[in-house]
Amino acid sequence: MNLQMSRRACLAVGTLSAVGLGLAACTPAGEPIYLPSTALTDLAGKLSGRVLLPGDAGFTKAWFPSNGQFADAVPLAIARVANEADVAECVHWCRDNGVAFAVRGGGHSYAGLSTTTGLVIDLSQLNSTSVNRLQWRMTTGGAATNADIFRATKYGQEFLPGGTCLGVGIGGLVLGGGIGYHSRWAGITSDHLVRARMVTASGDIVEASATENADLFWALRGGTGGTFGICTEFEFDLVETPKRDVVYYRVDIAGADAATEMFSAVDALEQDSPPEFVASCYAEPTPLGADTDPRAAVKGWVRGQFLGTMSDFTDLAGPLLRMTGETNRILESRPWWDVAEGFTSAEAENHSWGDVSRYTDQALPGTAIEKLVDLIVDCPQRSEAIHGELWMLGWVGGSVIDRAARTDTAYVHRGMKSMVRPSPIWSNLATAEQVRELEDWTDEVISAVEPHTPRESYQNFPNRRLVDWQEQYYAENLERLIEVKTQWDPEGLFTSAQTIAPRE
Ligand SMILES: Cc1cc2nc3c(=O)[nH]c(=O)nc-3n(C[C@H](O)[C@H](O)[C@H](O)COP(=O)(O)OP(=O)(O)OC[C@H]3O[C@@H](n4cnc5c(N)ncnc54)[C@H](O)[C@@H]3O)c2cc1C
C-alpha cells in the first residue's frame, strides 16, 4: 500500500474512533489498526513530557509542517518528549503497539518526512546548547535550531557552520550534510560532528564517534535523519571566526539578459575560486502588466562574502560588478558576525515548496544557462504567492569540502562545484492545476541541466517525486548505508516515504 492510500485508509478508520470505538492508527507499513482507548493514556503516564491530542492547545502548531503540502497527515497524537528516556519510551510504545511514527526535529523536511498519521515524536524540547570555549566544542540537544546555535555562539571566537533558515533543526541538518554561506570556507555541518547519542530501534542508547560504533558514525554524517535511530545529542568541533572585517556584497539585477550574465558569472567563479569566496544567486519571474515584456519581468540577485580585502575581491569578482542590468548594489567591509547574521532568515509561513536540487561538477555550457533563463521567463506561475524561483548555490564545492573523499562519510557529494535548484513555491491556497504546472516547470529546469551534471541531488532537499532518490542522494555510498541500516534497524522500524530499507 502506498503512503497516499494508507493515509486515506487511516482517515477513514479515524472517523470510527471519533464515535468511541477505539483509537485508529496505522502500522509502519500503512495498514490500519485499532488501539485500546487507554493506549495513549498509558504512554502519557510514562513520559516526563506531554502527549498532545487533536484539539489540545498547541497541537496544530506542533503538527503543522513547514512544507504545507504535507499537512494532510494529521497525527494520532504528538509526544513532546522532555528527555532521552522519553524518546526511548516512545520507541518502545510504537514498537509494542505496532504504530507508525515520525521523528520531528525542526519540522523543515521539504518532503514532509517528519509527518505521519501515527505518533509524532516531537524532539523540540531537546534544544539545549552548551559551548566549551577551551576545547572549541559545542554540545547540542537533538533538536536545537539554527537560531539556538547561532545565539549560543554569537560574537564569540568560534562558530558552527550551518544553514540559513533559523527554524531548521540540527538533527535534520547535520544528519543529511548541512550546507550554507560558510560551508565553502568552513566545511559542511556534518564534517564537524565528533559524537552523537542515539536511541536505537530496540530502545537502547548508544554513542557513535570515530572510536565507538564507527560505521554508524560514518552513516550519521550524510545518511539522513530518521533512518538509523533518534539522535538526542550531538557534539561538534567549532571553527575559528574571522577576526578581520570581511567583504559583503549583494548586487540586484533586472531582466533576462542580466540574469543570464549573473548565472554565467557565478558558475564560472565557482569553478576554481578560493574557498574564501562565496556566492549564491537566484532569479524569479515577476507579475506581467498589460504591456510588459516577459524578458524584462525578471528579477534576482547575487550575494555572498569574501574573506579577504576589498581590492582582492574586486579583482576576483569583477564580472559580478559589471553586469548590465544592475539595479542596486551593496559592497562593503563588515565585521564577520554582522555578515553571518545577515545570511540567516525566517521562512515564509503557509507556503509549500517542491524544490529539486542538482549538483554540478563543471561549468554549464552557455546554451544551458540561456535555456534556464528562458524557463524563468516562461514560468507558468509568476504571482508573488505562487511562482518558480531558480537558485544557483555556490555553497557545495571547493578545497575545504573536498578534503574528505566521497566515501569518507555518507555525504557523498565531493568534487562538486555548484548546485542548481529550481524552487517552486506556492501558497497553501494554490489550486492543484497551479501546483502541477509548477512541478512540470521544475522537471523542465532539471532536464535542461541533466546532460551536463552528475545525477546527484542533496538529501536535505528531498522530493518525493524523485524515483531514483537513493542513487541521487547516496551514489556509491548506498550499499554501505544499507549495511548500516540492516545492522542497527533490521526490521525497518524507522521508515518514511524516503528512508533506506534494511536488507531482507
Ligand atoms: C526554509 C528552509 C530553509 C532551508 N535551508 C537550508 C540550508 O540553508 N542548508 C541546508 O543544508 N539545508 C537547508 N534546509 C533543509 C534542511 O536542512 C532539511 O530540511 C532538514 O532535514 C530539516 O531538519 P528539521 O529537523 O528542521 O526537519 P524535520 O522535518 O523535523 O526532520 C527532517 C528529517 O530528519 C529527521 N530528524 C530530525 N531530527 C532528528 C534527530 N534528532 N534524530 C534523528 N532523526 C531526526 C526527521 O525524522 C526527518 O526525517 C532548509 C529547509 C527549509 C524548509
# chains A, B, ... in the order shown; residues from 1 in each chain; ligands from 1
>>> select_by_dssp(residues="region 34-162 of chain A", states="strand (DSSP E)", output="list in words")
Tyr34, Leu35, Arg50, Val51, Leu52, Ala77, Ile78, Ala79, Arg80, Phe101, Ala102, Val103, Arg104, Leu119, Val120, Ile121, Asp122, Thr129, Ser130, Val131, Asn132, Arg137, Met138, Thr139, Thr140, Gly141, Glu158 and Phe159 of chain A
>>> write_last_selection(atoms="N, CA and C atoms", output="mmCIF file, in the first residue's frame")
data_model
loop_
_atom_site.group_PDB
_atom_site.id
_atom_site.type_symbol
_atom_site.label_atom_id
_atom_site.label_comp_id
_atom_site.auth_asym_id
_atom_site.auth_seq_id
_atom_site.Cartn_x
_atom_site.Cartn_y
_atom_site.Cartn_z
ATOM 1 N N TYR A 34 -6.448 -0.834 15.202
ATOM 2 C CA TYR A 34 -7.081 -0.221 16.375
ATOM 3 C C TYR A 34 -6.188 -0.375 17.592
ATOM 4 N N LEU A 35 -6.255 0.610 18.468
ATOM 5 C CA LEU A 35 -5.542 0.523 19.744
ATOM 6 C C LEU A 35 -6.583 0.592 20.839
ATOM 7 N N ARG A 50 4.907 15.703 27.439
ATOM 8 C CA ARG A 50 3.445 15.700 27.302
ATOM 9 C C ARG A 50 3.000 14.976 26.050
ATOM 10 N N VAL A 51 1.803 14.453 26.105
ATOM 11 C CA VAL A 51 1.181 13.926 24.891
ATOM 12 C C VAL A 51 0.072 14.896 24.494
ATOM 13 N N LEU A 52 0.165 15.428 23.279
ATOM 14 C CA LEU A 52 -0.844 16.358 22.777
ATOM 15 C C LEU A 52 -1.784 15.614 21.840
ATOM 16 N N ALA A 77 -1.427 11.565 17.585
ATOM 17 C CA ALA A 77 -1.019 12.304 18.782
ATOM 18 C C ALA A 77 0.425 12.784 18.586
ATOM 19 N N ILE A 78 0.805 13.724 19.431
ATOM 20 C CA ILE A 78 2.190 14.221 19.410
ATOM 21 C C ILE A 78 2.784 13.978 20.793
ATOM 22 N N ALA A 79 3.893 13.245 20.836
ATOM 23 C CA ALA A 79 4.585 13.054 22.124
ATOM 24 C C ALA A 79 5.701 14.077 22.183
ATOM 25 N N ARG A 80 5.486 15.098 22.989
ATOM 26 C CA ARG A 80 6.514 16.150 23.111
ATOM 27 C C ARG A 80 7.470 15.717 24.217
ATOM 28 N N PHE A 101 5.194 5.936 13.247
ATOM 29 C CA PHE A 101 5.586 7.180 13.911
ATOM 30 C C PHE A 101 6.532 7.951 13.006
ATOM 31 N N ALA A 102 6.698 9.229 13.318
ATOM 32 C CA ALA A 102 7.687 10.054 12.623
ATOM 33 C C ALA A 102 8.441 10.845 13.679
ATOM 34 N N VAL A 103 9.720 11.028 13.427
ATOM 35 C CA VAL A 103 10.559 11.810 14.335
ATOM 36 C C VAL A 103 10.557 13.249 13.828
ATOM 37 N N ARG A 104 10.244 14.185 14.714
ATOM 38 C CA ARG A 104 10.180 15.598 14.312
ATOM 39 C C ARG A 104 11.214 16.399 15.091
ATOM 40 N N LEU A 119 2.122 8.437 15.460
ATOM 41 C CA LEU A 119 2.617 9.277 16.559
ATOM 42 C C LEU A 119 3.784 10.139 16.075
ATOM 43 N N VAL A 120 3.691 11.450 16.279
ATOM 44 C CA VAL A 120 4.852 12.316 16.043
ATOM 45 C C VAL A 120 5.676 12.338 17.330
ATOM 46 N N ILE A 121 6.930 11.920 17.229
ATOM 47 C CA ILE A 121 7.834 12.036 18.380
ATOM 48 C C ILE A 121 8.526 13.391 18.226
ATOM 49 N N ASP A 122 8.055 14.344 18.990
ATOM 50 C CA ASP A 122 8.448 15.753 18.835
ATOM 51 C C ASP A 122 9.638 16.042 19.757
ATOM 52 N N THR A 129 21.963 23.945 24.225
ATOM 53 C CA THR A 129 23.266 24.179 23.585
ATOM 54 C C THR A 129 24.263 24.477 24.695
ATOM 55 N N SER A 130 25.471 23.983 24.542
ATOM 56 C CA SER A 130 26.494 24.280 25.536
ATOM 57 C C SER A 130 27.848 24.365 24.821
ATOM 58 N N VAL A 131 28.517 25.493 24.998
ATOM 59 C CA VAL A 131 29.780 25.723 24.279
ATOM 60 C C VAL A 131 30.933 25.562 25.251
ATOM 61 N N ASN A 132 31.912 24.736 24.879
ATOM 62 C CA ASN A 132 33.140 24.598 25.656
ATOM 63 C C ASN A 132 34.207 25.426 24.946
ATOM 64 N N ARG A 137 34.432 23.218 21.423
ATOM 65 C CA ARG A 137 33.433 22.182 21.188
ATOM 66 C C ARG A 137 32.050 22.724 21.534
ATOM 67 N N MET A 138 31.050 22.206 20.886
ATOM 68 C CA MET A 138 29.673 22.548 21.236
ATOM 69 C C MET A 138 28.853 21.272 21.329
ATOM 70 N N THR A 139 28.044 21.191 22.382
ATOM 71 C CA THR A 139 27.123 20.063 22.513
ATOM 72 C C THR A 139 25.707 20.618 22.377
ATOM 73 N N THR A 140 24.890 19.941 21.580
ATOM 74 C CA THR A 140 23.509 20.396 21.414
ATOM 75 C C THR A 140 22.555 19.229 21.660
ATOM 76 N N GLY A 141 21.328 19.584 22.003
ATOM 77 C CA GLY A 141 20.275 18.580 22.026
ATOM 78 C C GLY A 141 19.940 18.172 20.596
ATOM 79 N N GLU A 158 34.408 31.403 18.046
ATOM 80 C CA GLU A 158 34.216 30.173 17.297
ATOM 81 C C GLU A 158 32.741 29.993 16.965
ATOM 82 N N PHE A 159 32.459 29.225 15.906
ATOM 83 C CA PHE A 159 31.065 29.019 15.492
ATOM 84 C C PHE A 159 30.951 27.671 14.788
#
>>> closest_atom_pairs(of="chain A", to="ligand 1", cutoff="6 Å", atoms="only C-alpha atoms and all ligand atoms", output="Markdown table")
| residue | atom | partner | partner_atom_place_in_ligand_line | distance |
| --- | --- | --- | --- | --- |
| A:Ala102 | CA | ligand 1 | 47 (O) | 5.6 |
| A:Val103 | CA | ligand 1 | 47 (O) | 3.8 |
| A:Arg104 | CA | ligand 1 | 30 (O) | 3.7 |
| A:Gly105 | CA | ligand 1 | 30 (O) | 3.4 |
| A:Gly106 | CA | ligand 1 | 26 (O) | 3.1 |
| A:Gly107 | CA | ligand 1 | 30 (O) | 3.3 |
| A:His108 | CA | ligand 1 | 27 (O) | 3.7 |
| A:Ser109 | CA | ligand 1 | 29 (O) | 3.6 |
| A:Tyr110 | CA | ligand 1 | 19 (O) | 5.3 |
| A:Leu113 | CA | ligand 1 | 49 (O) | 4.5 |
| A:Ser114 | CA | ligand 1 | 29 (O) | 4.5 |
| A:Gly142 | CA | ligand 1 | 41 (N) | 3.9 |
| A:Ala143 | CA | ligand 1 | 41 (N) | 5.5 |
| A:Gly163 | CA | ligand 1 | 8 (O) | 3.4 |
| A:Thr164 | CA | ligand 1 | 8 (O) | 4.0 |
| A:Cys165 | CA | ligand 1 | 3 (C) | 4.6 |
| A:Val168 | CA | ligand 1 | 26 (O) | 3.6 |
| A:Gly169 | CA | ligand 1 | 25 (O) | 3.6 |
| A:Ile170 | CA | ligand 1 | 25 (O) | 5.9 |
| A:Gly171 | CA | ligand 1 | 38 (N) | 3.6 |
| A:Gly172 | CA | ligand 1 | 23 (O) | 3.2 |
| A:Leu173 | CA | ligand 1 | 17 (O) | 3.9 |
| A:Gly178 | CA | ligand 1 | 11 (O) | 3.5 |
| A:Ile179 | CA | ligand 1 | 11 (O) | 3.9 |
| A:Gly180 | CA | ligand 1 | 8 (O) | 4.9 |
| A:Gly225 | CA | ligand 1 | 34 (O) | 3.5 |
| A:Gly226 | CA | ligand 1 | 44 (N) | 3.8 |
| A:Gly229 | CA | ligand 1 | 43 (C) | 5.7 |
| A:Ile230 | CA | ligand 1 | 42 (N) | 3.8 |
| A:Cys231 | CA | ligand 1 | 42 (N) | 3.8 |
| A:Thr232 | CA | ligand 1 | 41 (N) | 5.5 |
| A:Glu347 | CA | ligand 1 | 1 (C) | 5.0 |
| A:Asn460 | CA | ligand 1 | 18 (C) | 4.5 |
| A:Phe461 | CA | ligand 1 | 15 (C) | 5.6 |
>>> residues_around(residues="Gly177 (chain A)", least_positions_apart="6", cutoff="9 Å", atoms="only C-alpha atoms", output="PyMOL selection string")
chain A and resi 188-191+221-224+410-411+458-460
>>> write_last_selection(atoms="C-alpha atoms", output="mmCIF file, in the first residue's frame")
data_model
loop_
_atom_site.group_PDB
_atom_site.id
_atom_site.type_symbol
_atom_site.label_atom_id
_atom_site.label_comp_id
_atom_site.auth_asym_id
_atom_site.auth_seq_id
_atom_site.Cartn_x
_atom_site.Cartn_y
_atom_site.Cartn_z
ATOM 1 C CA ILE A 188 29.688 21.365 5.885
ATOM 2 C CA THR A 189 28.000 20.810 9.258
ATOM 3 C CA SER A 190 28.372 17.022 9.247
ATOM 4 C CA ASP A 191 32.147 17.293 8.778
ATOM 5 C CA ARG A 221 27.256 12.084 8.562
ATOM 6 C CA GLY A 222 25.037 12.284 5.483
ATOM 7 C CA GLY A 223 22.817 9.187 5.667
ATOM 8 C CA THR A 224 19.874 11.472 6.624
ATOM 9 C CA ALA A 410 27.941 9.154 3.976
ATOM 10 C CA TYR A 411 27.734 12.663 2.457
ATOM 11 C CA TYR A 458 21.090 16.877 -1.999
ATOM 12 C CA GLN A 459 19.404 14.542 0.510
ATOM 13 C CA ASN A 460 18.401 17.507 2.684
#
>>> atom_distance(atom1="CA of Ser352 (chain A)", atom2="CA of Ala71 (chain A)")
9.7 Å
>>> atom_distance(atom1="CA of Gly325 (chain A)", atom2="CA of Glu261 (chain A)")
8.8 Å
>>> closest_residue(among="A:Ala259, A:Asn146, A:Glu284, A:Asp252", to="Asn328 (chain A)", atoms="only C-alpha atoms")
A:Asp252
>>> atom_distance(atom1="CA of Val400 (chain A)", atom2="CA of Pro274 (chain A)")
9.5 Å
>>> residues_around(residues="region 373-379 of chain A", least_positions_apart="3", cutoff="8 Å", atoms="only C-alpha atoms", output="list in words")
Ala256, Ala259, Thr260, Ala283, Glu284, Pro285, Pro294, Arg295, Ala297, Val298, Ile369, Glu370, Arg382, His387, Gly388, Glu389, Leu390, Leu438, Trp441, Glu444 and Val445 of chain A
>>> write_last_selection(atoms="N, CA, C and O atoms", output="JSON list (two decimals), in the first residue's frame")
[["chain", "number", "residue", "atom", "x", "y", "z"],
["A", 256, "ALA", "N", 16.03, 39.48, -18.22],
["A", 256, "ALA", "CA", 16.54, 38.14, -18.54],
["A", 256, "ALA", "C", 18.01, 38.17, -18.94],
["A", 256, "ALA", "O", 18.78, 37.26, -18.60],
["A", 259, "ALA", "N", 20.06, 38.34, -15.92],
["A", 259, "ALA", "CA", 20.03, 37.04, -15.21],
["A", 259, "ALA", "C", 21.01, 36.07, -15.87],
["A", 259, "ALA", "O", 21.72, 35.32, -15.19],
["A", 260, "THR", "N", 21.05, 36.08, -17.20],
["A", 260, "THR", "CA", 22.00, 35.20, -17.91],
["A", 260, "THR", "C", 23.43, 35.56, -17.54],
["A", 260, "THR", "O", 24.26, 34.68, -17.25],
["A", 283, "ALA", "N", 16.96, 33.96, -9.41],
["A", 283, "ALA", "CA", 16.12, 34.85, -10.21],
["A", 283, "ALA", "C", 14.71, 34.29, -10.24],
["A", 283, "ALA", "O", 14.51, 33.07, -10.10],
["A", 284, "GLU", "N", 13.75, 35.17, -10.40],
["A", 284, "GLU", "CA", 12.35, 34.74, -10.47],
["A", 284, "GLU", "C", 11.60, 35.65, -11.43],
["A", 284, "GLU", "O", 12.00, 36.80, -11.67],
["A", 285, "PRO", "N", 10.49, 35.14, -11.99],
["A", 285, "PRO", "CA", 9.66, 35.99, -12.85],
["A", 285, "PRO", "C", 8.81, 36.90, -11.98],
["A", 285, "PRO", "O", 8.47, 36.53, -10.85],
["A", 294, "PRO", "N", 7.88, 39.90, -21.09],
["A", 294, "PRO", "CA", 8.23, 38.89, -20.07],
["A", 294, "PRO", "C", 9.73, 38.82, -19.81],
["A", 294, "PRO", "O", 10.15, 38.49, -18.69],
["A", 295, "ARG", "N", 10.56, 39.14, -20.80],
["A", 295, "ARG", "CA", 12.01, 39.09, -20.56],
["A", 295, "ARG", "C", 12.47, 40.21, -19.64],
["A", 295, "ARG", "O", 13.48, 40.09, -18.95],
["A", 297, "ALA", "N", 10.48, 41.26, -17.22],
["A", 297, "ALA", "CA", 9.84, 41.00, -15.92],
["A", 297, "ALA", "C", 10.53, 39.84, -15.19],
["A", 297, "ALA", "O", 9.92, 38.81, -14.87],
["A", 298, "VAL", "N", 11.81, 39.99, -14.98],
["A", 298, "VAL", "CA", 12.61, 39.01, -14.23],
["A", 298, "VAL", "C", 13.45, 39.80, -13.25],
["A", 298, "VAL", "O", 14.00, 40.85, -13.59],
["A", 369, "ILE", "N", 22.63, 27.65, -19.76],
["A", 369, "ILE", "CA", 22.25, 28.78, -18.91],
["A", 369, "ILE", "C", 21.18, 29.62, -19.61],
["A", 369, "ILE", "O", 20.20, 30.06, -18.98],
["A", 370, "GLU", "N", 21.32, 29.80, -20.91],
["A", 370, "GLU", "CA", 20.28, 30.55, -21.65],
["A", 370, "GLU", "C", 18.93, 29.83, -21.54],
["A", 370, "GLU", "O", 17.89, 30.46, -21.36],
["A", 382, "ARG", "N", 3.62, 33.31, -11.88],
["A", 382, "ARG", "CA", 4.56, 34.39, -11.58],
["A", 382, "ARG", "C", 4.00, 35.39, -10.58],
["A", 382, "ARG", "O", 4.45, 36.54, -10.52],
["A", 387, "HIS", "N", 4.91, 30.97, -7.56],
["A", 387, "HIS", "CA", 5.84, 31.16, -8.68],
["A", 387, "HIS", "C", 7.00, 30.18, -8.59],
["A", 387, "HIS", "O", 7.15, 29.45, -7.60],
["A", 388, "GLY", "N", 7.83, 30.21, -9.62],
["A", 388, "GLY", "CA", 9.05, 29.40, -9.59],
["A", 388, "GLY", "C", 10.26, 30.30, -9.40],
["A", 388, "GLY", "O", 10.31, 31.40, -9.94],
["A", 389, "GLU", "N", 11.21, 29.81, -8.61],
["A", 389, "GLU", "CA", 12.49, 30.53, -8.45],
["A", 389, "GLU", "C", 13.59, 29.60, -8.93],
["A", 389, "GLU", "O", 13.47, 28.39, -8.80],
["A", 390, "LEU", "N", 14.65, 30.18, -9.44],
["A", 390, "LEU", "CA", 15.79, 29.36, -9.82],
["A", 390, "LEU", "C", 17.01, 29.83, -9.03],
["A", 390, "LEU", "O", 17.38, 31.00, -9.07],
["A", 438, "LEU", "N", 3.69, 24.06, -11.88],
["A", 438, "LEU", "CA", 4.99, 24.38, -11.29],
["A", 438, "LEU", "C", 5.88, 23.13, -11.20],
["A", 438, "LEU", "O", 7.10, 23.20, -11.37],
["A", 441, "TRP", "N", 7.25, 22.55, -14.54],
["A", 441, "TRP", "CA", 8.31, 23.55, -14.78],
["A", 441, "TRP", "C", 9.61, 23.11, -14.09],
["A", 441, "TRP", "O", 10.70, 23.20, -14.67],
["A", 444, "GLU", "N", 11.28, 20.56, -16.09],
["A", 444, "GLU", "CA", 11.93, 21.11, -17.29],
["A", 444, "GLU", "C", 13.28, 21.74, -16.94],
["A", 444, "GLU", "O", 14.25, 21.63, -17.69],
["A", 445, "VAL", "N", 13.34, 22.40, -15.78],
["A", 445, "VAL", "CA", 14.61, 23.01, -15.36],
["A", 445, "VAL", "C", 15.65, 21.91, -15.16],
["A", 445, "VAL", "O", 16.79, 22.02, -15.64]]
>>> residues_around(residues="region 275-282 of chain A", least_positions_apart="6", cutoff="8 Å", atoms="only C-alpha atoms", output="PyMOL selection string")
chain A and resi 181-182+184-185+262-263+266+300-308+389-395+398-400
>>> closest_residue(among="A:Glu491, A:Leu481, A:Gly354, A:Arg334", to="Asp443 (chain A)", atoms="only C-alpha atoms")
A:Gly354
>>> residues_around(residues="Val467 (chain A)", least_positions_apart="4", cutoff="12 Å", atoms="only C-alpha atoms", output="list in words")
Ser457, Pro462, Asn463, Glu471, Gln472, Tyr473, Ala497 and Gln498 of chain A
>>> write_last_selection(atoms="N, CA, C and O atoms", output="PDB file, in the first residue's frame")
ATOM      1  N   SER A 457      21.690  14.598  -6.149  1.00  0.00           N
ATOM      2  CA  SER A 457      20.764  15.558  -5.571  1.00  0.00           C
ATOM      3  C   SER A 457      21.000  15.574  -4.058  1.00  0.00           C
ATOM      4  O   SER A 457      21.352  14.549  -3.472  1.00  0.00           O
ATOM      5  N   PRO A 462      15.016  16.902  -0.070  1.00  0.00           N
ATOM      6  CA  PRO A 462      14.380  15.716  -0.670  1.00  0.00           C
ATOM      7  C   PRO A 462      13.081  16.077  -1.382  1.00  0.00           C
ATOM      8  O   PRO A 462      12.421  17.058  -1.038  1.00  0.00           O
ATOM      9  N   ASN A 463      12.747  15.257  -2.355  1.00  0.00           N
ATOM     10  CA  ASN A 463      11.494  15.459  -3.079  1.00  0.00           C
ATOM     11  C   ASN A 463      10.905  14.081  -3.373  1.00  0.00           C
ATOM     12  O   ASN A 463      11.578  13.224  -3.934  1.00  0.00           O
ATOM     13  N   GLU A 471      19.823   6.577  -5.287  1.00  0.00           N
ATOM     14  CA  GLU A 471      21.045   6.748  -6.072  1.00  0.00           C
ATOM     15  C   GLU A 471      21.435   8.230  -6.122  1.00  0.00           C
ATOM     16  O   GLU A 471      22.615   8.581  -6.036  1.00  0.00           O
ATOM     17  N   GLN A 472      20.441   9.105  -6.258  1.00  0.00           N
ATOM     18  CA  GLN A 472      20.753  10.536  -6.358  1.00  0.00           C
ATOM     19  C   GLN A 472      21.301  11.095  -5.035  1.00  0.00           C
ATOM     20  O   GLN A 472      22.157  11.959  -5.027  1.00  0.00           O
ATOM     21  N   TYR A 473      20.802  10.599  -3.912  1.00  0.00           N
ATOM     22  CA  TYR A 473      21.243  11.147  -2.616  1.00  0.00           C
ATOM     23  C   TYR A 473      22.565  10.512  -2.145  1.00  0.00           C
ATOM     24  O   TYR A 473      23.346  11.153  -1.452  1.00  0.00           O
ATOM     25  N   ALA A 497       8.514   8.048   3.695  1.00  0.00           N
ATOM     26  CA  ALA A 497       8.362   7.951   2.238  1.00  0.00           C
ATOM     27  C   ALA A 497       9.718   7.800   1.553  1.00  0.00           C
ATOM     28  O   ALA A 497       9.794   7.306   0.429  1.00  0.00           O
ATOM     29  N   GLN A 498      10.790   8.238   2.199  1.00  0.00           N
ATOM     30  CA  GLN A 498      12.130   8.092   1.614  1.00  0.00           C
ATOM     31  C   GLN A 498      13.129   7.724   2.706  1.00  0.00           C
ATOM     32  O   GLN A 498      13.866   8.581   3.194  1.00  0.00           O
TER      33      GLN A 498
END
>>> select_by_dssp(residues="region 48-271 of chain A", states="helix (DSSP H, G or I)", output="NGL selection string")
:A and (59-63 or 68-70 or 84-97 or 146-153 or 170-176 or 183-186 or 189-192 or 214-220 or 256-271)
>>> closest_residue(among="A:Gly112, A:Pro28, A:Pro242, A:Gly98", to="Gly68 (chain A)", atoms="only C-alpha atoms")
A:Gly112
>>> residues_around(residues="Leu76 (chain A)", least_positions_apart="4", cutoff="7 Å", atoms="only C-alpha atoms", output="PyMOL selection string")
chain A and resi 25+117-119
>>> write_last_selection(atoms="C-alpha atoms", output="PDB file, in the first residue's frame")
ATOM      1  CA  ALA A  25      -3.753   4.239  13.889  1.00  0.00           C
ATOM      2  CA  THR A 117      -0.900   9.808  10.765  1.00  0.00           C
ATOM      3  CA  GLY A 118       0.590   7.861  13.682  1.00  0.00           C
ATOM      4  CA  LEU A 119       2.617   9.277  16.559  1.00  0.00           C
TER       5      LEU A 119
END
